[in-house]
$ cat work_13.cif   # mmCIF, C-alpha atoms
data_target
#
loop_
_atom_site.label_atom_id
_atom_site.label_comp_id
_atom_site.auth_asym_id
_atom_site.auth_seq_id
_atom_site.Cartn_x
_atom_site.Cartn_y
_atom_site.Cartn_z
CA MET N 1 -37.14 -4.55 5.49
CA THR N 2 -34.12 -2.35 4.78
CA GLU N 3 -32.69 -0.05 7.41
CA SER N 4 -32.98 3.07 5.26
CA LEU N 5 -34.20 4.30 1.92
CA TYR N 6 -30.87 5.68 0.71
CA GLY N 7 -28.16 4.59 3.13
CA ALA N 8 -24.76 3.43 1.93
CA GLU N 9 -21.83 1.95 3.83
CA ILE N 10 -19.97 5.26 3.44
CA THR N 11 -21.85 8.57 3.14
CA VAL N 12 -20.33 11.93 2.22
CA LEU N 13 -22.86 14.56 3.27
CA GLY N 14 -22.57 18.16 2.11
CA VAL N 15 -24.70 20.57 4.14
CA ARG N 16 -25.39 24.19 3.37
CA ASN N 17 -27.66 27.12 2.80
CA VAL N 18 -26.67 27.95 -0.76
CA ILE N 19 -28.22 31.43 -0.75
CA LEU N 20 -25.71 32.70 1.81
CA SER N 21 -22.51 32.67 -0.28
CA ASP N 22 -19.83 30.83 1.73
CA GLU N 23 -22.44 28.99 3.81
CA GLY N 24 -22.76 26.75 0.75
CA PHE N 25 -19.15 25.56 0.99
CA GLY N 26 -19.92 22.05 2.30
CA VAL N 27 -22.17 21.16 -0.59
CA ARG N 28 -19.80 22.79 -3.07
CA VAL N 29 -17.00 20.52 -1.83
CA MET N 30 -19.35 17.53 -2.20
CA GLU N 31 -20.25 18.66 -5.75
CA TYR N 32 -16.57 19.01 -6.60
CA LEU N 33 -15.86 15.50 -5.33
CA ALA N 34 -18.82 14.08 -7.29
CA ALA N 35 -17.81 15.86 -10.50
CA ASN N 36 -14.09 15.10 -10.31
CA TYR N 37 -13.82 11.65 -8.69
CA GLU N 38 -15.30 8.20 -9.08
CA PHE N 39 -16.17 6.39 -5.88
CA PRO N 40 -16.83 2.72 -5.15
CA ASP N 41 -20.45 1.51 -5.12
CA ASN N 42 -20.49 1.43 -1.31
CA THR N 43 -20.00 5.22 -1.17
CA ARG N 44 -22.82 7.73 -1.62
CA LEU N 45 -22.46 11.52 -1.94
CA VAL N 46 -25.50 13.44 -0.68
CA ASP N 47 -26.55 17.09 -0.86
CA GLY N 48 -28.12 17.46 2.58
CA GLY N 49 -29.02 21.12 2.09
CA THR N 50 -30.61 22.48 5.23
CA LEU N 51 -32.61 19.33 5.95
CA GLY N 52 -33.16 18.47 9.57
CA ILE N 53 -34.41 15.16 10.87
CA GLU N 54 -35.16 14.18 7.26
CA LEU N 55 -31.45 13.41 6.94
CA THR N 56 -32.10 10.24 8.95
CA GLN N 57 -33.17 8.38 5.80
CA TYR N 58 -29.81 9.15 4.15
CA ILE N 59 -27.66 8.28 7.14
CA THR N 60 -29.35 5.27 8.77
CA GLY N 61 -27.31 2.21 7.91
CA THR N 62 -24.18 4.21 7.14
CA LYS N 63 -21.09 2.78 8.79
CA LYS N 64 -18.90 5.85 8.19
CA LEU N 65 -20.18 9.39 7.74
CA LEU N 66 -18.20 12.36 6.42
CA ILE N 67 -19.98 15.71 6.87
CA LEU N 68 -18.73 18.69 4.84
CA ASP N 69 -19.77 22.08 6.20
CA SER N 70 -19.13 25.76 6.66
CA ILE N 71 -19.55 26.74 10.29
CA ASN N 72 -19.77 30.34 11.42
CA SER N 73 -18.57 30.16 15.01
CA GLY N 74 -17.13 33.66 15.12
CA GLY N 75 -13.60 32.33 14.78
CA GLU N 76 -10.86 33.19 12.31
CA LYS N 77 -12.25 33.39 8.79
CA GLY N 78 -10.91 30.62 6.56
CA ARG N 79 -9.90 28.34 9.43
CA VAL N 80 -10.19 24.71 8.33
CA PHE N 81 -11.30 22.29 11.02
CA CYS N 82 -11.87 18.57 11.41
CA PHE N 83 -13.80 16.86 14.19
CA LYS N 84 -14.03 13.11 14.55
CA ASN N 85 -16.27 10.70 16.43
CA ASP N 86 -17.08 11.89 20.00
CA ASP N 87 -15.84 15.40 19.22
CA VAL N 88 -18.56 15.74 16.54
CA LEU N 89 -21.50 15.73 18.97
CA ALA N 90 -19.58 17.98 21.35
CA HIS N 91 -18.99 20.38 18.46
CA PHE N 92 -22.69 20.47 17.54
CA GLU N 93 -23.70 21.22 21.15
CA ASP N 94 -23.44 24.93 20.29
CA LYS N 95 -26.19 24.63 17.62
CA LEU N 96 -24.44 27.13 15.39
CA SER N 97 -26.95 27.06 12.51
CA ALA N 98 -30.30 25.53 11.56
CA HIS N 99 -28.81 22.65 9.57
CA GLU N 100 -26.36 21.83 12.35
CA VAL N 101 -29.27 21.47 14.77
CA GLY N 102 -30.70 18.93 12.33
CA ILE N 103 -27.43 17.00 12.09
CA LYS N 104 -27.07 16.94 15.86
CA ASP N 105 -30.63 15.64 16.22
CA VAL N 106 -30.10 12.94 13.58
CA LEU N 107 -26.84 11.76 15.17
CA ALA N 108 -28.48 11.74 18.63
CA LEU N 109 -31.47 9.76 17.29
CA LEU N 110 -29.19 7.21 15.64
CA LYS N 111 -27.22 6.87 18.88
CA VAL N 112 -30.37 6.27 20.93
CA THR N 113 -31.61 3.65 18.46
CA GLY N 114 -28.24 1.91 18.35
CA LYS N 115 -27.71 2.74 14.67
CA SER N 116 -24.92 5.31 14.91
CA PRO N 117 -22.24 5.26 12.24
CA ALA N 118 -19.09 3.57 13.58
CA GLU N 119 -17.09 6.62 12.49
CA VAL N 120 -18.10 10.22 11.91
CA ALA N 121 -15.96 13.11 10.73
CA VAL N 122 -16.83 16.76 10.07
CA ILE N 123 -14.54 18.77 7.82
CA GLY N 124 -15.27 22.40 7.20
CA THR N 125 -14.25 26.00 7.27
CA GLU N 126 -15.07 29.28 8.92
CA PRO N 127 -16.82 31.34 6.18
CA TYR N 128 -15.64 34.70 4.88
CA ASP N 129 -18.92 35.94 3.40
CA LEU N 130 -22.47 35.20 4.58
CA ASN N 131 -24.20 37.81 2.45
CA PRO N 132 -26.97 36.65 0.11
CA GLY N 133 -25.55 35.13 -3.06
CA VAL N 134 -25.04 31.73 -4.68
CA GLY N 135 -21.31 31.89 -5.43
CA LEU N 136 -18.44 31.27 -3.07
CA SER N 137 -16.09 34.12 -2.21
CA GLU N 138 -12.63 34.10 -3.82
CA GLU N 139 -11.13 33.30 -0.40
CA MET N 140 -13.32 30.22 -0.01
CA LEU N 141 -12.52 29.05 -3.53
CA LYS N 142 -8.85 29.11 -2.56
CA LEU N 143 -9.63 26.78 0.38
CA LEU N 144 -11.38 24.25 -1.83
CA PRO N 145 -8.26 22.17 -2.73
CA LYS N 146 -7.24 21.91 0.94
CA VAL N 147 -10.67 20.71 2.06
CA VAL N 148 -10.98 18.33 -0.90
CA ASN N 149 -7.59 16.82 0.08
CA GLU N 150 -8.66 16.54 3.75
CA SER N 151 -11.85 14.80 2.61
CA LEU N 152 -10.02 12.38 0.32
CA ASN N 153 -7.51 11.61 3.10
CA THR N 154 -10.32 10.84 5.56
CA LEU N 155 -11.98 8.57 3.00
CA LYS N 156 -8.64 6.88 2.32
CA GLU N 157 -8.25 6.21 6.07
CA TRP N 158 -11.63 4.47 5.81
CA GLY N 159 -10.43 2.34 2.88
CA ILE N 160 -12.11 4.35 0.12
CA GLU N 161 -9.98 5.10 -2.92
CA ALA N 162 -11.45 7.82 -5.14
CA LYS N 163 -10.29 7.76 -8.76
CA PRO N 164 -9.92 11.10 -10.57
CA LYS N 165 -12.23 11.75 -13.54
CA THR N 166 -11.03 13.82 -16.47
CA GLY N 167 -12.51 16.86 -18.18
CA LYS N 168 -15.26 17.93 -15.76
CA LYS N 169 -15.37 21.31 -14.06
CA VAL N 170 -17.76 22.60 -11.41
CA ASN N 171 -19.08 26.16 -11.66
CA PHE N 172 -19.34 27.46 -8.10
CA SER N 173 -21.13 30.64 -9.16
CA ARG N 174 -24.37 28.86 -10.10
CA VAL N 175 -27.14 27.42 -7.98
CA ALA N 176 -26.53 23.71 -7.38
CA GLU N 177 -29.89 22.70 -8.85
CA ASP N 178 -29.40 24.77 -12.04
CA ARG N 179 -27.98 22.36 -14.62
CA SER N 180 -27.70 24.90 -17.47
#
$ encode --input "work_13.cif" --output "structure tokens"
Amino acid sequence: MTESLYGAEITVLGVRNVILSDEGFGVRVMEYLAANYEFPDNTRLVDGGTLGIELTQYITGTKKLLILDSINSGGEKGRVFCFKNDDVLAHFEDKLSAHEVGIKDVLALLKVTGKSPAEVAVIGTEPYDLNPGVGLSEEMLKLLPKVVNESLNTLKEWGIEAKPKTGKKVNFSRVAEDRS
């Protein structure tokens, strides 16, 4: 029996609520990485949406987990942050949004069952705009290269070399599921 349905050695998990503009930043970064880079077979990129405990099936068995997010903590808009390992659970203690409660619960469950990823990192930003809408604000779009670089650097520290693809562009003004 396998440990999970979808787990990979390395998982890049974008979380978001895409109908709240900049709240969708984490999954937009994940989409950008998927569209513009090739990853080794042991690396899986996942759109975690606002799933809660259901994320367990995507994370169980993962040795290293990179979570991409937009976290509205009332801090300086546009601030880029990175939490690693023990600081991740401490960060999620505040339960800042519905999907973060889910991530905290999943990580706690994996810890209790002895199946925690060996390494966890959260990279994200403080959003500018949380009004209804599917596109990112211009300010968040400007942060995209910085967060993509942070993500690639973290993956590189974990031994994952992403190779750039050519010719693909991601439209951040559309709904992620709309392929038109």
$ residues_around --input "work_13.cif" --residues "segment 31-42 of chain N" --least-positions-apart "3" --cutoff "8 Å" --atoms "only C-alpha atoms" --output "PyMOL selection string"
chain N and resi 8-10+27-28+45+148+160-166+168-170
$ atom_distance --input "work_13.cif" --atom1 "atom CA of Arg16 of chain N" --atom2 "atom CA of Asp87 of chain N"
20.5 Å
$ resolve_selection --input "work_13.cif" --expression "the PyMOL selection byres ((chain N and resi 68) around 7)" --output "list in words"
Leu13, Gly14, Val15, Gly26, Val27, Leu66, Ile67, Asp69, Val122, Ile123 and Gly124 of chain N
$ atom_distance --input "work_13.cif" --atom1 "atom CA of Tyr58 of chain N" --atom2 "atom CA of Val46 of chain N"
7.8 Å
$ residues_near_point --input "work_13.cif" --point "(-29.3, 5.8, 8.6)" --cutoff "12 Å" --atoms "only C-alpha atoms" --output "JSON, numbers by chain"
{"N": [2, 3, 4, 5, 6, 7, 8, 9, 10, 11, 53, 54, 55, 56, 57, 58, 59, 60, 61, 62, 63, 64, 65, 103, 106, 107, 108, 109, 110, 111, 113, 114, 115, 116, 117, 118]}
$ write_last_selection --input "work_13.cif" --atoms "C-alpha atoms" --output "short mmCIF file (atom, residue, chain, number, x, y, z; two decimals), in the coordinates of the input"
data_model
loop_
_atom_site.label_atom_id
_atom_site.label_comp_id
_atom_site.auth_asym_id
_atom_site.auth_seq_id
_atom_site.Cartn_x
_atom_site.Cartn_y
_atom_site.Cartn_z
CA THR N 2 -34.12 -2.35 4.78
CA GLU N 3 -32.69 -0.05 7.41
CA SER N 4 -32.98 3.07 5.26
CA LEU N 5 -34.20 4.30 1.92
CA TYR N 6 -30.87 5.68 0.71
CA GLY N 7 -28.16 4.59 3.13
CA ALA N 8 -24.76 3.43 1.93
CA GLU N 9 -21.83 1.95 3.83
CA ILE N 10 -19.97 5.26 3.44
CA THR N 11 -21.85 8.57 3.14
CA ILE N 53 -34.41 15.16 10.87
CA GLU N 54 -35.16 14.18 7.26
CA LEU N 55 -31.45 13.41 6.94
CA THR N 56 -32.10 10.24 8.95
CA GLN N 57 -33.17 8.38 5.80
CA TYR N 58 -29.81 9.15 4.15
CA ILE N 59 -27.66 8.28 7.14
CA THR N 60 -29.35 5.27 8.77
CA GLY N 61 -27.31 2.21 7.91
CA THR N 62 -24.18 4.21 7.14
CA LYS N 63 -21.09 2.78 8.79
CA LYS N 64 -18.90 5.85 8.19
CA LEU N 65 -20.18 9.39 7.74
CA ILE N 103 -27.43 17.00 12.09
CA VAL N 106 -30.10 12.94 13.58
CA LEU N 107 -26.84 11.76 15.17
CA ALA N 108 -28.48 11.74 18.63
CA LEU N 109 -31.47 9.76 17.29
CA LEU N 110 -29.19 7.21 15.64
CA LYS N 111 -27.22 6.87 18.88
CA THR N 113 -31.61 3.65 18.46
CA GLY N 114 -28.24 1.91 18.35
CA LYS N 115 -27.71 2.74 14.67
CA SER N 116 -24.92 5.31 14.91
CA PRO N 117 -22.24 5.26 12.24
CA ALA N 118 -19.09 3.57 13.58
#
$ resolve_selection --input "work_13.cif" --expression "the PyMOL selection byres ((chain N and resi 77) around 7)" --output "list in words"
Gly75, Glu76, Gly78, Arg79, Glu126, Pro127 and Tyr128 of chain N
$ atom_distance --input "work_13.cif" --atom1 "atom CA of Leu89 of chain N" --atom2 "atom CA of Asp22 of chain N"
23.0 Å
$ closest_residue --input "work_13.cif" --among "N:Pro145, N:Gly159, N:Gly135, N:Leu152" --to "Gly24 of chain N" --atoms "only C-alpha atoms"
N:Gly135
$ residues_around --input "work_13.cif" --residues "Ser137 of chain N" --least-positions-apart "2" --cutoff "10 Å" --atoms "all atoms listed in the file" --output "PDB file with C-alpha atoms, keeping the file's coordinate frame"
ATOM      1  CA  SER N  21     -22.510  32.670  -0.280  1.00  0.00           C
ATOM      2  CA  ASP N  22     -19.830  30.830   1.730  1.00  0.00           C
ATOM      3  CA  PHE N  25     -19.150  25.560   0.990  1.00  0.00           C
ATOM      4  CA  PRO N 127     -16.820  31.340   6.180  1.00  0.00           C
ATOM      5  CA  TYR N 128     -15.640  34.700   4.880  1.00  0.00           C
ATOM      6  CA  ASP N 129     -18.920  35.940   3.400  1.00  0.00           C
ATOM      7  CA  LEU N 130     -22.470  35.200   4.580  1.00  0.00           C
ATOM      8  CA  GLY N 133     -25.550  35.130  -3.060  1.00  0.00           C
ATOM      9  CA  VAL N 134     -25.040  31.730  -4.680  1.00  0.00           C
ATOM     10  CA  GLY N 135     -21.310  31.890  -5.430  1.00  0.00           C
ATOM     11  CA  GLU N 139     -11.130  33.300  -0.400  1.00  0.00           C
ATOM     12  CA  MET N 140     -13.320  30.220  -0.010  1.00  0.00           C
ATOM     13  CA  LEU N 141     -12.520  29.050  -3.530  1.00  0.00           C
ATOM     14  CA  LYS N 142      -8.850  29.110  -2.560  1.00  0.00           C
ATOM     15  CA  PHE N 172     -19.340  27.460  -8.100  1.00  0.00           C
ATOM     16  CA  SER N 173     -21.130  30.640  -9.160  1.00  0.00           C
TER      17      SER N 173
END
$ axis_aligned_box --input "work_13.cif" --around "segment 146-154 of chain N" --padding-each-side "6 Å" --output "AutoDock Vina command-line options"
--center_x -9.5 --center_y 16.4 --center_z 2.3 --size_x 16.6 --size_y 23.1 --size_z 18.5
